[in-house]
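S.K.: One file is attached below, coords.cif, containing mmCIF, C-alpha atoms and all ligand atoms.
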data_final
#
loop_
_atom_site.label_atom_id
_atom_site.label_comp_id
_atom_site.auth_asym_id
_atom_site.auth_seq_id
_atom_site.Cartn_x
_atom_site.Cartn_y
_atom_site.Cartn_z
CA MET K 72 -27.71 18.35 7.37
CA SER K 73 -25.02 20.00 9.43
CA THR K 74 -22.27 21.72 7.53
CA LEU K 75 -18.89 23.10 8.47
CA SER K 76 -18.56 26.86 8.56
CA ARG K 77 -16.66 28.38 5.67
CA ARG K 78 -14.06 29.66 8.13
CA ASP K 79 -13.53 26.17 9.58
CA ALA K 80 -13.29 24.68 6.14
CA LEU K 81 -10.76 27.21 4.94
CA GLN K 82 -8.64 26.64 8.04
CA MET K 83 -8.76 22.89 7.42
CA ALA K 84 -7.88 23.33 3.78
CA ALA K 85 -4.98 25.64 4.57
CA ALA K 86 -3.57 23.21 7.10
CA GLY K 87 -3.96 20.35 4.67
CA ALA K 88 -2.33 22.20 1.80
CA ALA K 89 0.64 23.28 3.90
CA LEU K 90 1.31 19.80 5.16
CA ALA K 91 0.63 18.24 1.79
CA ALA K 92 3.71 20.04 0.56
CA THR K 93 5.86 18.29 3.15
CA VAL K 94 8.89 16.73 1.52
CA ALA K 95 9.52 13.10 2.30
CA SER K 96 12.34 12.08 4.58
CA PRO K 97 15.22 10.26 2.94
CA ALA K 98 15.02 6.51 2.74
CA GLY K 99 16.17 4.72 5.86
CA ALA K 100 15.00 7.47 8.22
CA ALA K 101 12.78 7.04 11.26
CA ALA K 102 9.35 5.41 11.49
CA PRO K 103 6.30 7.47 10.46
CA SER K 104 4.86 9.99 12.87
CA ALA K 105 1.45 9.40 14.41
CA PRO K 106 -1.39 11.07 12.51
CA THR K 107 -2.99 14.17 13.98
CA GLY K 108 -6.38 15.76 13.38
CA ASN K 109 -9.72 14.31 12.38
CA SER K 110 -10.91 12.72 9.15
CA PHE K 111 -10.89 16.08 7.34
CA THR K 112 -7.67 17.50 8.75
CA ALA K 113 -5.46 14.46 9.30
CA VAL K 114 -2.24 14.72 7.36
CA ARG K 115 -0.22 11.69 6.38
CA GLU K 116 3.52 11.82 5.94
CA PRO K 117 5.42 9.26 3.84
CA THR K 118 6.89 6.29 5.66
CA PRO K 119 10.62 6.11 4.94
CA LEU K 120 11.91 3.04 3.14
CA PRO K 121 12.89 0.42 5.74
CA PHE K 122 15.98 -0.47 3.66
CA LYS K 123 18.54 1.37 1.54
CA PRO K 124 17.24 1.74 -2.03
CA ASP K 125 20.36 0.08 -3.45
CA ALA K 126 20.13 -2.88 -1.08
CA LEU K 127 17.76 -5.15 -2.98
CA LYS K 128 18.80 -8.02 -5.21
CA GLY K 129 17.50 -7.71 -8.76
CA LEU K 130 15.54 -4.51 -8.14
CA SER K 131 17.60 -1.45 -9.06
CA GLU K 132 18.14 1.61 -6.92
CA LYS K 133 16.71 3.70 -9.75
CA LEU K 134 13.52 1.65 -9.83
CA ILE K 135 13.03 1.62 -6.06
CA LYS K 136 13.67 5.36 -5.77
CA SER K 137 11.30 6.14 -8.62
CA HIS K 138 8.60 3.88 -7.18
CA TRP K 139 8.88 5.33 -3.68
CA GLU K 140 9.28 8.98 -4.66
CA ASN K 141 6.85 9.21 -7.56
CA ASN K 142 4.14 6.64 -6.92
CA TYR K 143 4.11 6.28 -3.15
CA VAL K 144 4.95 9.82 -2.05
CA GLY K 145 2.72 11.07 -4.86
CA ALA K 146 -0.18 9.11 -3.38
CA VAL K 147 0.50 10.47 0.11
CA LYS K 148 0.52 14.06 -1.17
CA ALA K 149 -2.62 13.48 -3.22
CA LEU K 150 -4.44 12.01 -0.22
CA ASN K 151 -3.60 15.11 1.82
CA VAL K 152 -4.80 17.39 -0.96
CA VAL K 153 -8.05 15.45 -1.35
CA ARG K 154 -8.75 15.73 2.37
CA GLY K 155 -8.38 19.52 2.14
CA LYS K 156 -10.70 19.60 -0.87
CA LEU K 157 -13.29 17.52 0.99
CA ALA K 158 -13.30 20.08 3.81
CA GLN K 159 -13.80 22.88 1.29
CA ALA K 160 -16.55 20.97 -0.47
CA MET K 161 -18.45 20.32 2.77
CA ALA K 162 -18.63 24.09 3.30
CA ASP K 163 -20.63 24.41 0.08
CA PRO K 164 -24.18 23.09 0.58
CA ASP K 165 -24.95 23.65 -3.10
CA LEU K 166 -22.16 21.40 -4.37
CA PRO K 167 -23.76 18.55 -6.35
CA ALA K 168 -23.47 15.21 -4.57
CA TYR K 169 -21.89 13.59 -7.61
CA LEU K 170 -18.98 16.04 -7.43
CA TYR K 171 -18.53 15.20 -3.76
CA GLY K 172 -18.66 11.54 -4.73
CA GLY K 173 -15.80 12.10 -7.14
CA LEU K 174 -13.65 13.42 -4.31
CA LYS K 175 -14.62 10.45 -2.14
CA ARG K 176 -13.59 8.10 -4.94
CA GLU K 177 -10.21 9.83 -5.05
CA GLN K 178 -9.94 9.55 -1.27
CA LEU K 179 -10.61 5.81 -1.46
CA MET K 180 -8.14 5.30 -4.31
CA ARG K 181 -5.35 7.33 -2.68
CA SER K 182 -5.91 5.81 0.76
CA GLY K 183 -5.62 2.32 -0.71
CA SER K 184 -2.46 3.26 -2.59
CA VAL K 185 -0.83 4.65 0.55
CA VAL K 186 -1.75 1.65 2.69
CA TYR K 187 -0.75 -1.02 0.17
CA HIS K 188 2.52 0.73 -0.68
CA ASP K 189 3.36 1.01 3.03
CA LEU K 190 2.79 -2.72 3.36
CA TYR K 191 4.69 -3.49 0.14
CA PHE K 192 7.87 -1.61 0.98
CA GLY K 193 7.52 -2.83 4.56
CA ASN K 194 7.74 -6.47 3.47
CA LEU K 195 10.84 -6.00 1.30
CA GLY K 196 14.49 -5.79 2.34
CA GLY K 197 14.87 -9.35 3.62
CA ASN K 198 16.71 -12.42 2.38
CA GLY K 199 13.70 -14.16 0.85
CA GLN K 200 14.02 -17.15 3.20
CA ALA K 201 10.90 -17.97 5.21
CA ASP K 202 11.48 -19.33 8.71
CA ALA K 203 10.29 -22.81 9.66
CA ALA K 204 7.34 -21.60 11.75
CA THR K 205 6.00 -19.43 8.93
CA ARG K 206 6.42 -22.23 6.41
CA THR K 207 4.45 -24.51 8.71
CA GLN K 208 1.73 -21.91 9.16
CA LEU K 209 1.34 -21.43 5.42
CA SER K 210 1.37 -25.20 4.90
CA LYS K 211 -1.56 -25.49 7.29
CA HIS K 212 -3.68 -23.34 5.00
CA PHE K 213 -2.34 -24.22 1.55
CA GLY K 214 -1.26 -27.85 1.94
CA THR K 215 2.43 -27.07 1.50
CA PHE K 216 4.56 -23.94 1.52
CA ASP K 217 5.40 -24.55 -2.13
CA ALA K 218 1.69 -24.72 -2.97
CA TRP K 219 1.22 -21.31 -1.32
CA GLU K 220 4.17 -19.84 -3.23
CA SER K 221 3.08 -21.38 -6.51
CA GLU K 222 -0.37 -19.80 -6.24
CA PHE K 223 1.00 -16.44 -5.04
CA ARG K 224 3.27 -16.32 -8.11
CA ARG K 225 0.45 -17.45 -10.41
CA VAL K 226 -1.82 -14.65 -9.21
CA GLY K 227 1.03 -12.23 -9.89
CA ASN K 228 1.45 -13.52 -13.41
CA ALA K 229 -2.31 -13.25 -13.90
CA LEU K 230 -2.09 -9.53 -13.16
CA ALA K 231 0.97 -8.94 -15.35
CA GLY K 232 0.16 -6.69 -18.25
CA GLY K 233 -2.59 -5.06 -16.23
CA THR K 234 -2.46 -3.46 -12.83
CA GLY K 235 -3.05 -4.48 -9.27
CA TRP K 236 -1.82 -6.17 -6.15
CA VAL K 237 -1.32 -9.72 -4.93
CA VAL K 238 -2.07 -9.96 -1.23
CA LEU K 239 -1.64 -12.91 1.09
CA ALA K 240 -4.30 -12.08 3.64
CA TRP K 241 -5.97 -13.51 6.72
CA ASN K 242 -9.71 -13.80 6.19
CA PRO K 243 -11.28 -13.90 9.67
CA ALA K 244 -14.77 -14.63 8.32
CA LEU K 245 -13.62 -17.74 6.46
CA LYS K 246 -10.84 -18.41 8.99
CA THR K 247 -8.19 -18.99 6.36
CA LEU K 248 -5.18 -17.45 4.76
CA GLU K 249 -5.73 -16.77 1.07
CA ASN K 250 -3.96 -15.17 -1.87
CA ASN K 251 -6.14 -12.32 -3.10
CA TRP K 252 -6.24 -10.83 -6.60
CA LEU K 253 -6.74 -7.06 -6.37
CA LEU K 254 -7.48 -5.15 -9.56
CA ASP K 255 -6.60 -1.79 -8.02
CA HIS K 256 -6.06 0.17 -4.79
CA THR K 257 -9.77 0.08 -3.94
CA ASN K 258 -9.99 -3.71 -3.87
CA GLY K 259 -9.54 -6.12 -1.00
CA VAL K 260 -11.64 -8.64 0.86
CA THR K 261 -13.66 -6.90 3.55
CA GLY K 262 -12.25 -7.44 7.00
CA SER K 263 -9.15 -9.28 5.80
CA THR K 264 -5.70 -8.45 7.14
CA PRO K 265 -2.86 -8.17 4.61
CA ILE K 266 0.15 -10.32 5.50
CA LEU K 267 2.34 -10.15 2.37
CA VAL K 268 1.78 -7.59 -0.40
CA MET K 269 3.24 -7.60 -3.94
CA ASP K 270 2.82 -4.63 -6.29
CA LEU K 271 2.00 -5.65 -9.88
CA TYR K 272 1.56 -2.18 -11.34
CA GLU K 273 4.00 -1.72 -14.22
CA HIS K 274 5.76 1.09 -12.36
CA ALA K 275 6.94 -1.59 -9.91
CA PHE K 276 9.02 -3.48 -12.48
CA HIS K 277 8.93 -2.11 -16.03
CA MET K 278 12.07 0.00 -15.61
CA ASP K 279 14.11 -3.12 -14.81
CA TYR K 280 12.30 -5.90 -16.61
CA GLY K 281 10.12 -4.41 -19.30
CA SER K 282 7.10 -6.65 -19.71
CA ALA K 283 8.85 -9.68 -18.20
CA ALA K 284 6.79 -9.63 -15.00
CA ALA K 285 7.77 -13.20 -14.07
CA LYS K 286 11.39 -12.05 -13.62
CA TYR K 287 10.19 -9.24 -11.36
CA ILE K 288 8.22 -11.76 -9.31
CA ASP K 289 11.43 -13.82 -8.91
CA ALA K 290 13.22 -10.69 -7.69
CA PHE K 291 10.39 -9.77 -5.34
CA MET K 292 10.39 -13.22 -3.76
CA ALA K 293 14.18 -13.07 -3.29
CA ASN K 294 13.82 -9.88 -1.26
CA VAL K 295 10.82 -10.68 0.94
CA ASN K 296 11.39 -9.76 4.56
CA TRP K 297 9.92 -12.83 6.23
CA GLU K 298 10.52 -11.40 9.68
CA THR K 299 7.95 -8.75 8.85
CA VAL K 300 5.59 -11.38 7.46
CA ALA K 301 5.97 -13.47 10.63
CA ALA K 302 5.26 -10.43 12.78
CA ARG K 303 2.08 -9.69 10.79
CA LEU K 304 0.99 -13.31 11.15
CA LYS K 305 1.27 -13.01 14.92
CA THR K 306 -1.41 -10.30 14.88
CA VAL K 307 -4.05 -12.65 13.44
CA ALA K 308 -5.53 -15.99 14.47
CA ALA K 309 -4.21 -17.88 11.45
FE FE H 1 3.34 0.87 -6.74
#
Could you write out this file's structure as structure tokens?
Ligand SMILES: [Fe+2]
M.R.:
Amino acid sequence: MSTLSRRDALQMAAAGAALAATVASPAGAAAPSAPTGNSFTAVREPTPLPFKPDALKGLSEKLIKSHWENNYVGAVKALNVVRGKLAQAMADPDLPAYLYGGLKREQLMRSGSVVYHDLYFGNLGGNGQADAATRTQLSKHFGTFDAWESEFRRVGNALAGGTGWVVLAWNPALKTLENNWLLDHTNGVTGSTPILVMDLYEHAFHMDYGSAAAKYIDAFMANVNWETVAARLKTVAA
């Protein structure tokens, strides 16, 4: 098995640690920068909120700021740290495989958190009104738009009290749009493309609604950015 030299690994780790400490840009700033480096050295920076944190209806500025700063930015920083640790670990041929596996689990968990949170914040900040073309497209797969929305909300309520994500996704293998129930950041149907993502972890709503997740789901739906959803739909063959 080929291994990285200790010098290479330390350089990778140092680069990762330095960039992991990068402070997020304020909400509303520019789009994220393109990633640089390879799988060990790539450093992710937080994507700024695409809306002002006080702009949403029924979701407080305090909640949105806490969610973005603590949960999302925390996941980005953790992913960068894990990458540096993986480089260090690869330089040690005696490291037990199960310890390396633990780091890979963390990488999977943090990667999923970063990606789903990017999608989640990216599909908020709208007026909650789906355009006619999108309604028609969802009707094609669910019978009616209301049937889609009813199931999307029901999946959300099914996760309330636990953790996870509700994801409207395009499944290219089954050639259908479907509402997926994701227990955590590591879940998702293989090969599917997320179209609309709703966070059902308690940190997404408890500050505003306590355990009343259904009220949070109402607020989420009222703030969906359907222009973003429509743009995502155009990337798939739904
Ligand atoms: Fe979250």
S.K.: Can you work out which residues are within 10 Å of ligand FE 1 (chain H), considering only C-alpha atoms and all ligand atoms, and then hand them over as a list in words?
M.R.: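 Protein and nucleic-acid residues within 10 Å of ligand FE 1 (chain H): Ile135, Ser137, His138, Trp139, Asn141, Asn142, Tyr143, Ala146, Ser184, Val185, Tyr187, His188, Asp189, Tyr191, Phe192, Thr234, Gly235, Trp236, His256, Met269, Asp270, Leu271, Tyr272, Glu273, His274, Ala275 and Phe276 of chain K.
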S.K.: Which distance in Å separates CA of Leu150 in chain K and CA of Arg303 in chain K, to one decimal?
M.R.: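 CA of Leu150 in chain K sits 25.2 Å away from CA of Arg303 in chain K.
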S.K.: Using Å and a single decimal, report how far CA of Ala284 in chain K sits from CA of Leu267 in chain K.
M.R.: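 According to the coordinates, CA of Leu267 in chain K and CA of Ala284 in chain K are separated by 17.9 Å.
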S.K.: List the spatial neighbours of Phe111 in chain K as a short mmCIF file (atom, residue, chain, number, x, y, z; two decimals) with C-alpha atoms, in the coordinates of the input - criterion: any atom at most 8 Å away, all atoms listed in the file, same-chain residues fewer than 2 positions off excluded.
M.R.:
data_model
loop_
_atom_site.label_atom_id
_atom_site.label_comp_id
_atom_site.auth_asym_id
_atom_site.auth_seq_id
_atom_site.Cartn_x
_atom_site.Cartn_y
_atom_site.Cartn_z
CA MET K 83 -8.76 22.89 7.42
CA GLY K 108 -6.38 15.76 13.38
CA ASN K 109 -9.72 14.31 12.38
CA ALA K 113 -5.46 14.46 9.30
CA ARG K 154 -8.75 15.73 2.37
CA GLY K 155 -8.38 19.52 2.14
CA LEU K 157 -13.29 17.52 0.99
CA ALA K 158 -13.30 20.08 3.81
#
S.K.: May I ask which of the residues K:Ala309, K:Ala293, K:Leu254, K:Val268 is the closest one to Ala231 in chain K, counting all atoms listed in the file?
M.R.: K:Leu254
S.K.: Using all atoms listed in the file, which of the listed residues (K:Ala308, K:Val152, K:Leu130, K:Met292) sits closest to Ala201 in chain K?
M.R.: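 Closest to Ala201 in chain K, using all atoms listed in the file: K:Met292.
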S.K.: Work out how far CA of Pro243 in chain K is from CA of Arg206 in chain K, in Å to one decimal.
M.R.: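 Those two atoms sit 19.8 Å apart.
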S.K.: Measuring atom to atom with only C-alpha atoms, identify which of K:Ser182, K:Ser221, K:Ser210, K:Thr264 is nearest to Leu239 in chain K.
M.R.: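 Closest candidate: K:Thr264.
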S.K.: Find the residue from K:Ala283, K:Leu120, K:Leu134, K:Leu179 that sits nearest to Asp255 in chain K; use all atoms listed in the file when measuring.
M.R.: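 Using all atoms listed in the file, the shortest distance to Asp255 in chain K belongs to K:Leu179.
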S.K.: When you count all atoms listed in the file, which of these residues is closest to Val238 in chain K: K:His212, K:Leu190, K:His277, K:Phe291?
M.R.: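 Answer, going by the shortest atom-to-atom distance: K:Leu190.
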S.K.: Which one is closest to Arg225 in chain K: K:Val300, K:Ile288, K:Leu248, K:Ala240? Count only C-alpha atoms.
M.R.: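 Using only C-alpha atoms, Arg225 in chain K sits closest to K:Ile288.
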S.K.: As JSON, please: the centre and edge lengths in Å, to one decimal, of an axis-aligned box enclosing every listed atom of range 251-264 of chain K with 4 Å added on each side.
M.R.:
{"center_x": -9.7, "center_y": -6.1, "center_z": -1.2, "size_x": 16.0, "size_y": 20.5, "size_z": 24.7}
S.K.: Please list as a PyMOL selection string every residue within 10 Å of Lys175 in chain K, counting all atoms listed in the file and excluding residues in the same chain fewer than 5 positions away.
M.R.: chain K and resi 153-154+157+169-170+180-181
S.K.: Using the partial input, fill out range 203-227 of chain K with N, CA and C atoms; write the result as a short mmCIF file (atom, residue, chain, number, x, y, z; two decimals), keeping the file's coordinate frame.
M.R.:
data_model
loop_
_atom_site.label_atom_id
_atom_site.label_comp_id
_atom_site.auth_asym_id
_atom_site.auth_seq_id
_atom_site.Cartn_x
_atom_site.Cartn_y
_atom_site.Cartn_z
N ALA K 203 11.00 -21.54 9.59
CA ALA K 203 10.29 -22.81 9.66
C ALA K 203 8.86 -22.64 10.17
N ALA K 204 8.68 -21.77 11.18
CA ALA K 204 7.34 -21.60 11.75
C ALA K 204 6.37 -21.00 10.72
N THR K 205 6.85 -20.04 9.95
CA THR K 205 6.00 -19.43 8.93
C THR K 205 5.67 -20.41 7.82
N ARG K 206 6.67 -21.20 7.44
CA ARG K 206 6.42 -22.23 6.41
C ARG K 206 5.35 -23.22 6.89
N THR K 207 5.44 -23.58 8.15
CA THR K 207 4.45 -24.51 8.71
C THR K 207 3.06 -23.87 8.72
N GLN K 208 3.02 -22.60 9.09
CA GLN K 208 1.73 -21.91 9.16
C GLN K 208 1.08 -21.80 7.78
N LEU K 209 1.88 -21.51 6.77
CA LEU K 209 1.34 -21.43 5.42
C LEU K 209 0.94 -22.83 4.91
N SER K 210 1.71 -23.83 5.30
CA SER K 210 1.37 -25.20 4.90
C SER K 210 0.01 -25.61 5.44
N LYS K 211 -0.28 -25.13 6.65
CA LYS K 211 -1.56 -25.49 7.29
C LYS K 211 -2.74 -25.03 6.45
N HIS K 212 -2.57 -23.90 5.76
CA HIS K 212 -3.68 -23.34 5.00
C HIS K 212 -3.64 -23.67 3.51
N PHE K 213 -2.46 -23.99 3.01
CA PHE K 213 -2.34 -24.22 1.55
C PHE K 213 -1.91 -25.64 1.21
N GLY K 214 -1.73 -26.49 2.19
CA GLY K 214 -1.26 -27.85 1.94
C GLY K 214 0.23 -27.96 2.13
N THR K 215 0.97 -27.16 1.34
CA THR K 215 2.43 -27.07 1.50
C THR K 215 2.84 -25.62 1.29
N PHE K 216 4.04 -25.29 1.75
CA PHE K 216 4.56 -23.94 1.52
C PHE K 216 4.71 -23.70 0.03
N ASP K 217 5.20 -24.71 -0.68
CA ASP K 217 5.40 -24.55 -2.13
C ASP K 217 4.07 -24.32 -2.84
N ALA K 218 3.01 -24.94 -2.35
CA ALA K 218 1.69 -24.72 -2.97
C ALA K 218 1.25 -23.27 -2.76
N TRP K 219 1.53 -22.73 -1.55
CA TRP K 219 1.22 -21.31 -1.32
C TRP K 219 1.99 -20.44 -2.31
N GLU K 220 3.33 -20.69 -2.38
CA GLU K 220 4.17 -19.84 -3.23
C GLU K 220 3.78 -19.96 -4.70
N SER K 221 3.46 -21.16 -5.11
CA SER K 221 3.08 -21.38 -6.51
C SER K 221 1.82 -20.57 -6.86
N GLU K 222 0.84 -20.57 -5.94
CA GLU K 222 -0.37 -19.80 -6.24
C GLU K 222 -0.12 -18.30 -6.17
N PHE K 223 0.68 -17.87 -5.18
CA PHE K 223 1.00 -16.44 -5.04
C PHE K 223 1.65 -15.93 -6.33
N ARG K 224 2.60 -16.71 -6.87
CA ARG K 224 3.27 -16.32 -8.11
C ARG K 224 2.27 -16.34 -9.30
N ARG K 225 1.40 -17.34 -9.30
CA ARG K 225 0.45 -17.45 -10.41
C ARG K 225 -0.50 -16.25 -10.44
N VAL K 226 -0.94 -15.83 -9.27
CA VAL K 226 -1.82 -14.65 -9.21
C VAL K 226 -1.06 -13.43 -9.73
N GLY K 227 0.22 -13.34 -9.38
CA GLY K 227 1.03 -12.23 -9.89
C GLY K 227 1.12 -12.24 -11.40
#
